[in-house]
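**Student:** One structure follows; several queries about it will come next.
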Amino acid sequence: KLRALRWVAGACAAALALTGCTAGVSGNAQEGKTMVLSLNQSESHPSYIALTDFGERLKAATDGRWDIKVYPNETLGAQQEVIQLVSDGSVDMAIASGTQLENLNPEFATLNLPTVFKGIDHQISVLRDKGIVGPLFSSLEESKDLTVLGGLTQGDRNLYTVKGPIKEPKDLAGMKIRVQESELHIKMINAMGGAATPMSYGEVYTALQAGVLDGAENNEISYVTQKHNEVAKYVARTRHLVGLDYMLVNSTLLEEMTPEDRAILEAEWQKTVDEHVKLWNADTEKAIESAKASGTKFNDVDKAAFDKALAPVVESALTSDDARELYEKITEAAQ
Ligand code: GCU
C-alpha cells in the first residue's frame with residue numbers, strides 16, 4: 001500500500017503543475033487543492049475579477065485548503081474543448097456559455113432563447129431557484145461528471161456590424177454574422193435577417209478584421225474587451241437576449257470535498273454572483289463610453305420588427321412538454 005501511495009505521490013509531482021493531481025483519491029475526502037478554472041475572457045472582464053475574488057475568499061474561508069487559479073484568455077482552450085477537460089477531470093472548473101451546454105443536453109436551450117429573460121435580475125432569480133433549475137444543473141453529472149454550480153449573467157446581447165447602421169431585419173440581408181456554436185442561435189440570427197456563421201469566441205476579432213464576418217452579436221463588455229469595437233463600428237441595440245454563462249465543476253471533485261468545505265464553496269459562489277452583477281452594471285456603462293470614444297455609433301432598432309422575426313424561433317424551440325413547462329416557470333418568475 002505504501003509503495004502504491006508513493007507512486008501516486010510521485011506521479012502527482014510529475015504531473016503538470018497546471019492541472020494539479022487527484023489520482024488515487026477518487027471517492028475519498030480531499031484535504032484541498034488549488035482548483036484550475038478556465039475562462040475565455042481577458043483580465044479586465046468582470047468575470048475574471050469576480051472569479052479571482054471568489055478564489056481569494058474561498059482560500060481565506062477554508063484556512064488555505066481550497067483555492068482557485070483562474071486561467072483567462074482561452075489559455076486552456078476554447079469553451080467547447082475545455083468542457084471536455086472538466087468532464088475528464090484534467091481541468092477542475094470552467095465558465096461556459098449556455099449555448100455550449102445546449103449541445104450536451106438540449107433542455108438547456110430554453111434558457112438560451114431570445115427574449116426569455118426580462119433582464120439581469122429576472123435571470124439571476126431564476127438561476128437561484130432550485131425548483132426551476134435544480135434538475136437541469138445536475139443533469140450532466142451521471143453522463144459527463146459535470147455539475148453546474150450556478151450562472152453568471154452575460155447581460156444584454158446586441159448586434160454589431162462593420163457596415164451599418166442596422167435598423168430592421170432587412171438591413172442584415174447577406175451579412176455573415178458570427179454566432180456561438182448553437183443550433184438555436186444559428187436559427188435566431190437567420191430569423192433576424194443575417195447569415196449565421198458559428199465560430200468560437202477567440203476567432204471573432206480576426207474574422208471581422210479579415211472580412212470573413214460582417215458582424216457579430218455580444219454584450220458591450222465583450223465588444224470592448226475583445227476589441228471588436230476596433231473593427232465593427234456599428235452597434236444596433238437589438239437586445240435580443242440576456243446571455244448566460246454557467247460555472248461548471250467536475251462532479252467527482254465536488255463529491256470529494258468535505259460537506260463543510262462544499263458548503264463554504266457554495267456560499268462564496270453566491271457572493272460571487274452578487275459581486276459580478278454589480279461589476280457588470282458598472283462596466284457596461286464604462287464599455288459604452290469607451291466604445292463611443294473610439295468612434296462606435298450606437299443606434300436603436302425597430303424592436304417590434306425584430307421581435308416579430310424572433311417569435312417563431314421561440315415557438316419552434318418549445319415543442320416538448322418539458323421545454324414548455326420550464327419556459328412557463330421562467331416566465332412566471334418574472335412576475
Ligand atoms: C460572452 C460570454 C462568453 C461567450 C461569448 C461568446 O462573452 O460571456 O461565455 O463565450 O460571449 O460570444 O462566445
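Residue numbering restarts at 1 in every chain; chains get A, B, ... in the order shown in the C-alpha cells, and ligands count up from 1 in that same order.
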Using only C-alpha atoms and all ligand atoms, which residues have at least one atom no more than 6 Å from ligand 1? Output them as a list in words.
**Tutor:**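 The residues within 6 Å of ligand 1, counting only C-alpha atoms and all ligand atoms, are Ala96, Ser97, Gln154, Gln180, Ser200, Tyr201, Asn218, Ser222 and Asp245 of chain A.
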**Student:** Atoms to include: N, CA and C atoms. Write the selected residues as a PDB file, in the first residue's frame.
**Tutor:**
```
ATOM      1  N   ALA A  96     -18.633  28.388 -18.964  1.00  0.00           N
ATOM      2  CA  ALA A  96     -19.052  28.064 -20.330  1.00  0.00           C
ATOM      3  C   ALA A  96     -20.412  28.667 -20.607  1.00  0.00           C
ATOM      4  N   SER A  97     -20.569  29.164 -21.807  1.00  0.00           N
ATOM      5  CA  SER A  97     -21.827  29.773 -22.197  1.00  0.00           C
ATOM      6  C   SER A  97     -22.935  28.712 -22.278  1.00  0.00           C
ATOM      7  N   GLN A 154     -24.508  37.316 -18.797  1.00  0.00           N
ATOM      8  CA  GLN A 154     -23.767  37.918 -19.928  1.00  0.00           C
ATOM      9  C   GLN A 154     -24.433  39.226 -20.350  1.00  0.00           C
ATOM     10  N   GLN A 180     -22.483  31.921 -31.552  1.00  0.00           N
ATOM     11  CA  GLN A 180     -21.849  30.834 -30.821  1.00  0.00           C
ATOM     12  C   GLN A 180     -22.255  29.513 -31.478  1.00  0.00           C
ATOM     13  N   SER A 200     -15.846  29.983 -32.702  1.00  0.00           N
ATOM     14  CA  SER A 200     -15.510  30.141 -31.289  1.00  0.00           C
ATOM     15  C   SER A 200     -15.113  31.603 -31.020  1.00  0.00           C
ATOM     16  N   TYR A 201     -15.261  31.980 -29.771  1.00  0.00           N
ATOM     17  CA  TYR A 201     -15.124  33.383 -29.326  1.00  0.00           C
ATOM     18  C   TYR A 201     -13.797  34.011 -29.759  1.00  0.00           C
ATOM     19  N   ASN A 218     -23.005  40.372 -29.317  1.00  0.00           N
ATOM     20  CA  ASN A 218     -22.492  40.138 -27.970  1.00  0.00           C
ATOM     21  C   ASN A 218     -22.881  41.313 -27.075  1.00  0.00           C
ATOM     22  N   SER A 222     -17.980  42.465 -23.791  1.00  0.00           N
ATOM     23  CA  SER A 222     -17.182  41.622 -24.696  1.00  0.00           C
ATOM     24  C   SER A 222     -16.779  42.406 -25.940  1.00  0.00           C
ATOM     25  N   ASP A 245     -23.865  32.591 -18.696  1.00  0.00           N
ATOM     26  CA  ASP A 245     -22.695  31.714 -18.539  1.00  0.00           C
ATOM     27  C   ASP A 245     -22.932  30.794 -17.347  1.00  0.00           C
TER      28      ASP A 245
END
```
**Student:** Find the nearest atom pair between each residue of region 164-247 of chain A and region 313-335 of chain A for residues within 9 Å, count only C-alpha atoms, give distances in Å to one decimal, sort rows by chain and ascending number, and present the table as a Markdown table.
**Tutor:**
```
| residue | atom | partner | partner_atom | distance |
| --- | --- | --- | --- | --- |
| A:Leu184 | CA | A:Ala317 | CA | 7.9 |
| A:Lys187 | CA | A:Val313 | CA | 6.8 |
| A:Met188 | CA | A:Val313 | CA | 6.4 |
| A:Ala191 | CA | A:Val313 | CA | 7.4 |
```
**Student:** The selected residues should be written to file as a CSV table (one decimal), in the first residue's frame (atoms: C-alpha atoms).
**Tutor:**
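Now in out-v1.csv:
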```
chain,number,residue,atom,x,y,z
A,184,LEU,CA,-30.7,27.7,-31.7
A,187,LYS,CA,-31.8,29.9,-36.3
A,188,MET,CA,-32.0,33.1,-34.3
A,191,ALA,CA,-34.5,34.8,-38.5
```
**Student:** List the neighbours of Val277 (chain A) out to 12 Å using only C-alpha atoms; skip same-chain residues closer than 5 positions along the sequence, and give me the result as a PyMOL selection string.
**Tutor:** chain A and resi 46-47+49-50+119-121+123-125+151-155+270-272+282-284
**Student:** Just C-alpha atoms for this one: save the residues we selected as a PDB file, in the first residue's frame.
**Tutor:**
```
ATOM      1  CA  PRO A  46     -15.845  41.431 -14.716  1.00  0.00           C
ATOM      2  CA  SER A  47     -15.930  37.620 -14.736  1.00  0.00           C
ATOM      3  CA  ILE A  49     -12.265  39.895 -11.447  1.00  0.00           C
ATOM      4  CA  ALA A  50     -15.212  38.284  -9.643  1.00  0.00           C
ATOM      5  CA  GLY A 119     -33.444  41.473 -17.588  1.00  0.00           C
ATOM      6  CA  ILE A 120     -30.487  40.554 -15.402  1.00  0.00           C
ATOM      7  CA  ASP A 121     -32.456  40.497 -12.122  1.00  0.00           C
ATOM      8  CA  GLN A 123     -32.291  35.880 -14.887  1.00  0.00           C
ATOM      9  CA  ILE A 124     -30.397  35.755 -11.566  1.00  0.00           C
ATOM     10  CA  SER A 125     -33.563  34.980  -9.612  1.00  0.00           C
ATOM     11  CA  GLY A 151     -24.667  31.026 -13.502  1.00  0.00           C
ATOM     12  CA  LEU A 152     -23.254  34.460 -14.271  1.00  0.00           C
ATOM     13  CA  THR A 153     -25.010  36.930 -16.493  1.00  0.00           C
ATOM     14  CA  GLN A 154     -23.767  37.918 -19.928  1.00  0.00           C
ATOM     15  CA  GLY A 155     -26.109  40.903 -19.934  1.00  0.00           C
ATOM     16  CA  GLN A 270     -23.409  33.151  -4.132  1.00  0.00           C
ATOM     17  CA  LYS A 271     -21.370  36.181  -3.066  1.00  0.00           C
ATOM     18  CA  THR A 272     -19.500  35.936  -6.359  1.00  0.00           C
ATOM     19  CA  ALA A 282     -20.824  49.457 -13.786  1.00  0.00           C
ATOM     20  CA  ASP A 283     -18.590  48.016 -16.507  1.00  0.00           C
ATOM     21  CA  THR A 284     -21.370  48.040 -19.098  1.00  0.00           C
TER      22      THR A 284
END
```
**Student:** Considering only C-alpha atoms, return as a ChimeraX atom specification whatever protein or nucleic-acid residues lie within 12 Å of Pro135 (chain A), sequence-local ones (same chain, fewer than 3 positions apart) excluded.
**Tutor:** /A:105,107-108,127,129-132,138-141,147-148,322,326
**Student:** Could you write those residues out with C-alpha atoms, as a PDB file, in the first residue's frame?
**Tutor:**
```pdb
ATOM      1  CA  ASN A 105     -28.433  18.475 -23.041  1.00  0.00           C
ATOM      2  CA  GLU A 107     -33.058  21.226 -22.299  1.00  0.00           C
ATOM      3  CA  PHE A 108     -30.538  23.998 -21.625  1.00  0.00           C
ATOM      4  CA  LEU A 127     -30.686  30.779 -11.565  1.00  0.00           C
ATOM      5  CA  ASP A 129     -34.413  28.974  -7.850  1.00  0.00           C
ATOM      6  CA  LYS A 130     -33.618  25.287  -7.428  1.00  0.00           C
ATOM      7  CA  GLY A 131     -37.280  24.480  -8.134  1.00  0.00           C
ATOM      8  CA  ILE A 132     -36.710  25.749 -11.662  1.00  0.00           C
ATOM      9  CA  SER A 138     -27.449  18.148 -12.053  1.00  0.00           C
ATOM     10  CA  SER A 139     -28.455  16.676 -15.411  1.00  0.00           C
ATOM     11  CA  LEU A 140     -24.873  16.203 -16.642  1.00  0.00           C
ATOM     12  CA  GLU A 141     -23.493  14.539 -13.515  1.00  0.00           C
ATOM     13  CA  THR A 147     -22.055  19.810 -12.110  1.00  0.00           C
ATOM     14  CA  VAL A 148     -23.460  23.272 -12.756  1.00  0.00           C
ATOM     15  CA  ASP A 322     -40.674  19.708 -20.579  1.00  0.00           C
ATOM     16  CA  LEU A 326     -39.580  25.157 -17.983  1.00  0.00           C
TER      17      LEU A 326
END
```
**Student:** From a backbone DSSP assignment, name each residue in region 199-239 of chain A labelled alpha helix (DSSP H), as a list in words.
**Tutor:**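 The residues of region 199-239 of chain A classed as alpha helix (DSSP H) are Val204, Tyr205, Thr206, Ala207, Leu208, Gln209, Ala210, Glu220, Ile221, Ser222, Tyr223, Val224 and Thr225 of chain A.
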**Student:** Would you output that residue set with C-alpha atoms, as a PDB file, in the first residue's frame?
**Tutor:**
```pdb
ATOM      1  CA  VAL A 204     -14.039  36.556 -33.989  1.00  0.00           C
ATOM      2  CA  TYR A 205     -11.692  39.556 -33.943  1.00  0.00           C
ATOM      3  CA  THR A 206      -9.503  38.258 -36.772  1.00  0.00           C
ATOM      4  CA  ALA A 207     -12.508  37.115 -38.792  1.00  0.00           C
ATOM      5  CA  LEU A 208     -14.108  40.565 -38.536  1.00  0.00           C
ATOM      6  CA  GLN A 209     -10.838  42.204 -39.476  1.00  0.00           C
ATOM      7  CA  ALA A 210     -10.276  39.876 -42.439  1.00  0.00           C
ATOM      8  CA  GLU A 220     -20.951  45.710 -24.738  1.00  0.00           C
ATOM      9  CA  ILE A 221     -18.301  44.402 -22.334  1.00  0.00           C
ATOM     10  CA  SER A 222     -17.182  41.622 -24.696  1.00  0.00           C
ATOM     11  CA  TYR A 223     -17.425  44.033 -27.618  1.00  0.00           C
ATOM     12  CA  VAL A 224     -14.835  46.265 -25.964  1.00  0.00           C
ATOM     13  CA  THR A 225     -12.658  43.771 -24.044  1.00  0.00           C
TER      14      THR A 225
END
```
**Student:** As a ChimeraX atom specification, please: every residue in region 19-149 of chain A that a backbone DSSP assignment puts in strand (DSSP E).
**Tutor:** /A:34-38,67-71,93-97,146-149
**Student:** To one decimal place in Å, what is the distance between CA of Pro114 (chain A) and CA of Leu37 (chain A)?
**Tutor:**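 CA of Pro114 (chain A) sits 28.3 Å away from CA of Leu37 (chain A).
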**Student:** Figure out the distance between CA of His276 (chain A) and CA of Pro106 (chain A), please, to one decimal in Å.
**Tutor:** 26.9 Å
**Student:** Can you tell me how far CA of Ser294 (chain A) sits from CA of Val162 (chain A), in Å to one decimal?
**Tutor:** 14.1 Å
**Student:** Nearest to Val235 (chain A) among A:Ile288, A:Val212, A:Ala61, A:Leu310, with distances taken over only C-alpha atoms: which residue is it?
**Tutor:**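 Residue with the minimum atom-to-atom distance to Val235 (chain A): A:Ile288.
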**Student:** Go through A:Asn158, A:Gln80, A:Asp145, A:Val86 and flag the residue nearest Glu255 (chain A), using only C-alpha atoms for the distances.
**Tutor:**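 Going through A:Asn158, A:Gln80, A:Asp145, A:Val86 one by one, the smallest distance to Glu255 (chain A) is for A:Asp145.
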**Student:** Could you tell me which of A:Leu265, A:Val36, A:Ala305, A:Leu241 comes closest to Thr110 (chain A) if we count only C-alpha atoms?
**Tutor:** A:Leu241
**Student:** My list of candidates is A:Arg239, A:Arg157, A:Ala60, A:His228. Which is closest to Asp302 (chain A) when distances are computed with only C-alpha atoms?
**Tutor:**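 Closest residue, counting only C-alpha atoms: A:Arg239.
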**Student:** Tell me, as a CSV table (one decimal) with N, CA and C atoms, in the first residue's frame, which residues lie within 9 Å of Glu168 (chain A), counting only C-alpha atoms; anything in the same chain fewer than 5 positions away does not count.
**Tutor:**
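Here's the written file selection-v3.csv:
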```csv
chain,number,residue,atom,x,y,z
A,192,MET,N,-33.4,36.8,-37.8
A,192,MET,CA,-33.2,38.3,-37.7
A,192,MET,C,-32.7,38.9,-39.0
A,193,GLY,N,-32.5,38.0,-40.0
A,193,GLY,CA,-32.2,38.6,-41.4
A,193,GLY,C,-30.8,38.4,-41.8
A,301,VAL,N,-33.2,50.2,-32.8
A,301,VAL,CA,-33.8,49.5,-34.0
A,301,VAL,C,-35.3,49.4,-33.9
A,302,ASP,N,-35.9,48.9,-35.0
A,302,ASP,CA,-37.3,48.7,-35.0
A,302,ASP,C,-37.5,47.4,-34.2
A,303,LYS,N,-37.7,47.5,-32.9
A,303,LYS,CA,-37.7,46.4,-31.9
A,303,LYS,C,-38.9,45.5,-32.3
A,305,ALA,N,-40.2,44.8,-35.2
A,305,ALA,CA,-39.9,44.0,-36.3
A,305,ALA,C,-39.0,42.8,-36.0
A,306,PHE,N,-38.0,43.1,-35.1
A,306,PHE,CA,-37.1,42.0,-34.7
A,306,PHE,C,-37.9,41.0,-33.8
```
**Student:** Using only C-alpha atoms, which residues sit within 9 Å of Thr197 (chain A) once same-chain residues fewer than 4 positions away are excluded, as a PyMOL selection string?
**Tutor:** chain A and resi 176-181+186+189+213+216
**Student:** Just write the chosen residues, N, CA and C atoms, as a PDB file, in the first residue's frame.
**Tutor:**
```
ATOM      1  N   LYS A 176     -22.810  38.143 -43.065  1.00  0.00           N
ATOM      2  CA  LYS A 176     -22.371  36.997 -42.262  1.00  0.00           C
ATOM      3  C   LYS A 176     -22.167  37.459 -40.824  1.00  0.00           C
ATOM      4  N   ILE A 177     -22.990  36.922 -39.950  1.00  0.00           N
ATOM      5  CA  ILE A 177     -22.958  37.334 -38.551  1.00  0.00           C
ATOM      6  C   ILE A 177     -22.499  36.156 -37.688  1.00  0.00           C
ATOM      7  N   ARG A 178     -21.468  36.379 -36.900  1.00  0.00           N
ATOM      8  CA  ARG A 178     -20.967  35.308 -36.048  1.00  0.00           C
ATOM      9  C   ARG A 178     -21.956  34.987 -34.932  1.00  0.00           C
ATOM     10  N   VAL A 179     -22.169  33.691 -34.719  1.00  0.00           N
ATOM     11  CA  VAL A 179     -22.936  33.238 -33.555  1.00  0.00           C
ATOM     12  C   VAL A 179     -22.095  32.207 -32.815  1.00  0.00           C
ATOM     13  N   GLN A 180     -22.483  31.921 -31.552  1.00  0.00           N
ATOM     14  CA  GLN A 180     -21.849  30.834 -30.821  1.00  0.00           C
ATOM     15  C   GLN A 180     -22.255  29.513 -31.478  1.00  0.00           C
ATOM     16  N   GLU A 181     -21.562  28.451 -31.105  1.00  0.00           N
ATOM     17  CA  GLU A 181     -21.807  27.160 -31.747  1.00  0.00           C
ATOM     18  C   GLU A 181     -23.104  26.560 -31.194  1.00  0.00           C
ATOM     19  N   ILE A 186     -28.045  29.873 -34.390  1.00  0.00           N
ATOM     20  CA  ILE A 186     -27.979  29.927 -35.859  1.00  0.00           C
ATOM     21  C   ILE A 186     -29.368  30.306 -36.395  1.00  0.00           C
ATOM     22  N   ILE A 189     -30.203  34.122 -35.626  1.00  0.00           N
ATOM     23  CA  ILE A 189     -29.640  35.163 -36.497  1.00  0.00           C
ATOM     24  C   ILE A 189     -30.221  35.075 -37.908  1.00  0.00           C
ATOM     25  N   LEU A 213     -16.231  37.831 -41.635  1.00  0.00           N
ATOM     26  CA  LEU A 213     -17.506  38.142 -40.984  1.00  0.00           C
ATOM     27  C   LEU A 213     -17.880  39.588 -41.288  1.00  0.00           C
ATOM     28  N   ALA A 216     -21.185  40.544 -35.653  1.00  0.00           N
ATOM     29  CA  ALA A 216     -21.309  39.548 -34.585  1.00  0.00           C
ATOM     30  C   ALA A 216     -22.389  40.043 -33.641  1.00  0.00           C
TER      31      ALA A 216
END
```
**Student:** Just the residues within 12 Å of Leu76 (chain A), please, counting only C-alpha atoms, with nothing from its chain fewer than 2 positions along; format it as a ChimeraX atom specification.
**Tutor:** /A:18-19,36-41,70-74,78-86,90-95
**Student:** If you keep N, CA and C atoms, can you produce a file of those selected residues as a PDB file, in the first residue's frame?
**Tutor:**
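The resulting file, out_37.pdb, is reproduced below:
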```
ATOM      1  N   LEU A  18      -0.016  22.631 -13.610  1.00  0.00           N
ATOM      2  CA  LEU A  18      -1.212  23.320 -14.093  1.00  0.00           C
ATOM      3  C   LEU A  18      -2.502  22.629 -13.664  1.00  0.00           C
ATOM      4  N   THR A  19      -2.522  21.321 -13.760  1.00  0.00           N
ATOM      5  CA  THR A  19      -3.787  20.623 -13.562  1.00  0.00           C
ATOM      6  C   THR A  19      -3.930  20.074 -12.157  1.00  0.00           C
ATOM      7  N   VAL A  36      -8.110  24.553 -10.812  1.00  0.00           N
ATOM      8  CA  VAL A  36      -7.827  25.256 -12.065  1.00  0.00           C
ATOM      9  C   VAL A  36      -9.152  25.622 -12.725  1.00  0.00           C
ATOM     10  N   LEU A  37      -9.329  26.914 -12.994  1.00  0.00           N
ATOM     11  CA  LEU A  37     -10.583  27.393 -13.594  1.00  0.00           C
ATOM     12  C   LEU A  37     -10.281  28.017 -14.962  1.00  0.00           C
ATOM     13  N   SER A  38     -10.950  27.536 -15.977  1.00  0.00           N
ATOM     14  CA  SER A  38     -10.739  28.067 -17.325  1.00  0.00           C
ATOM     15  C   SER A  38     -11.786  29.122 -17.684  1.00  0.00           C
ATOM     16  N   LEU A  39     -11.284  30.211 -18.265  1.00  0.00           N
ATOM     17  CA  LEU A  39     -12.151  31.322 -18.656  1.00  0.00           C
ATOM     18  C   LEU A  39     -11.704  31.808 -20.030  1.00  0.00           C
ATOM     19  N   ASN A  40     -12.653  32.229 -20.863  1.00  0.00           N
ATOM     20  CA  ASN A  40     -12.234  32.728 -22.184  1.00  0.00           C
ATOM     21  C   ASN A  40     -12.143  34.256 -22.241  1.00  0.00           C
ATOM     22  N   GLN A  41     -12.330  34.915 -21.095  1.00  0.00           N
ATOM     23  CA  GLN A  41     -12.304  36.387 -21.084  1.00  0.00           C
ATOM     24  C   GLN A  41     -10.926  36.921 -20.691  1.00  0.00           C
ATOM     25  N   VAL A  70      -7.450  31.210 -11.752  1.00  0.00           N
ATOM     26  CA  VAL A  70      -8.211  31.467 -12.982  1.00  0.00           C
ATOM     27  C   VAL A  70      -7.237  31.605 -14.157  1.00  0.00           C
ATOM     28  N   TYR A  71      -7.454  30.824 -15.179  1.00  0.00           N
ATOM     29  CA  TYR A  71      -6.669  30.937 -16.424  1.00  0.00           C
ATOM     30  C   TYR A  71      -7.523  31.649 -17.461  1.00  0.00           C
ATOM     31  N   PRO A  72      -7.221  32.926 -17.771  1.00  0.00           N
ATOM     32  CA  PRO A  72      -8.065  33.701 -18.687  1.00  0.00           C
ATOM     33  C   PRO A  72      -7.690  33.489 -20.160  1.00  0.00           C
ATOM     34  N   ASN A  73      -8.345  34.227 -21.037  1.00  0.00           N
ATOM     35  CA  ASN A  73      -7.953  34.341 -22.462  1.00  0.00           C
ATOM     36  C   ASN A  73      -7.899  33.028 -23.238  1.00  0.00           C
ATOM     37  N   GLU A  74      -8.733  32.069 -22.879  1.00  0.00           N
ATOM     38  CA  GLU A  74      -8.715  30.779 -23.603  1.00  0.00           C
ATOM     39  C   GLU A  74      -7.351  30.084 -23.543  1.00  0.00           C
ATOM     40  N   ALA A  78     -10.605  26.803 -26.048  1.00  0.00           N
ATOM     41  CA  ALA A  78     -11.924  27.418 -26.242  1.00  0.00           C
ATOM     42  C   ALA A  78     -12.949  26.621 -25.420  1.00  0.00           C
ATOM     43  N   GLN A  79     -14.105  27.232 -25.170  1.00  0.00           N
ATOM     44  CA  GLN A  79     -15.075  26.607 -24.253  1.00  0.00           C
ATOM     45  C   GLN A  79     -15.410  25.161 -24.600  1.00  0.00           C
ATOM     46  N   GLN A  80     -15.642  24.899 -25.879  1.00  0.00           N
ATOM     47  CA  GLN A  80     -16.051  23.549 -26.273  1.00  0.00           C
ATOM     48  C   GLN A  80     -15.016  22.502 -25.858  1.00  0.00           C
ATOM     49  N   GLU A  81     -13.729  22.838 -26.057  1.00  0.00           N
ATOM     50  CA  GLU A  81     -12.667  21.894 -25.692  1.00  0.00           C
ATOM     51  C   GLU A  81     -12.541  21.781 -24.178  1.00  0.00           C
ATOM     52  N   VAL A  82     -12.668  22.915 -23.503  1.00  0.00           N
ATOM     53  CA  VAL A  82     -12.436  22.920 -22.061  1.00  0.00           C
ATOM     54  C   VAL A  82     -13.529  22.144 -21.316  1.00  0.00           C
ATOM     55  N   ILE A  83     -14.745  22.181 -21.818  1.00  0.00           N
ATOM     56  CA  ILE A  83     -15.821  21.410 -21.175  1.00  0.00           C
ATOM     57  C   ILE A  83     -15.407  19.936 -21.114  1.00  0.00           C
ATOM     58  N   GLN A  84     -14.806  19.464 -22.174  1.00  0.00           N
ATOM     59  CA  GLN A  84     -14.342  18.079 -22.217  1.00  0.00           C
ATOM     60  C   GLN A  84     -13.254  17.843 -21.154  1.00  0.00           C
ATOM     61  N   LEU A  85     -12.389  18.840 -20.970  1.00  0.00           N
ATOM     62  CA  LEU A  85     -11.309  18.698 -19.980  1.00  0.00           C
ATOM     63  C   LEU A  85     -11.859  18.672 -18.553  1.00  0.00           C
ATOM     64  N   VAL A  86     -12.931  19.440 -18.309  1.00  0.00           N
ATOM     65  CA  VAL A  86     -13.550  19.411 -16.974  1.00  0.00           C
ATOM     66  C   VAL A  86     -14.257  18.071 -16.793  1.00  0.00           C
ATOM     67  N   SER A  90      -9.280  16.766 -15.973  1.00  0.00           N
ATOM     68  CA  SER A  90      -7.944  17.360 -16.072  1.00  0.00           C
ATOM     69  C   SER A  90      -7.964  18.868 -15.841  1.00  0.00           C
ATOM     70  N   VAL A  91      -9.131  19.486 -15.970  1.00  0.00           N
ATOM     71  CA  VAL A  91      -9.345  20.869 -15.514  1.00  0.00           C
ATOM     72  C   VAL A  91     -10.494  20.776 -14.506  1.00  0.00           C
ATOM     73  N   ASP A  92     -10.425  21.561 -13.428  1.00  0.00           N
ATOM     74  CA  ASP A  92     -11.423  21.403 -12.357  1.00  0.00           C
ATOM     75  C   ASP A  92     -12.720  22.155 -12.610  1.00  0.00           C
ATOM     76  N   MET A  93     -12.596  23.371 -13.160  1.00  0.00           N
ATOM     77  CA  MET A  93     -13.773  24.234 -13.303  1.00  0.00           C
ATOM     78  C   MET A  93     -13.652  25.035 -14.593  1.00  0.00           C
ATOM     79  N   ALA A  94     -14.795  25.449 -15.123  1.00  0.00           N
ATOM     80  CA  ALA A  94     -14.756  26.315 -16.308  1.00  0.00           C
ATOM     81  C   ALA A  94     -16.025  27.138 -16.364  1.00  0.00           C
ATOM     82  N   ILE A  95     -15.884  28.314 -16.956  1.00  0.00           N
ATOM     83  CA  ILE A  95     -17.067  29.099 -17.287  1.00  0.00           C
ATOM     84  C   ILE A  95     -17.396  28.800 -18.744  1.00  0.00           C
TER      85      ILE A  95
END
```
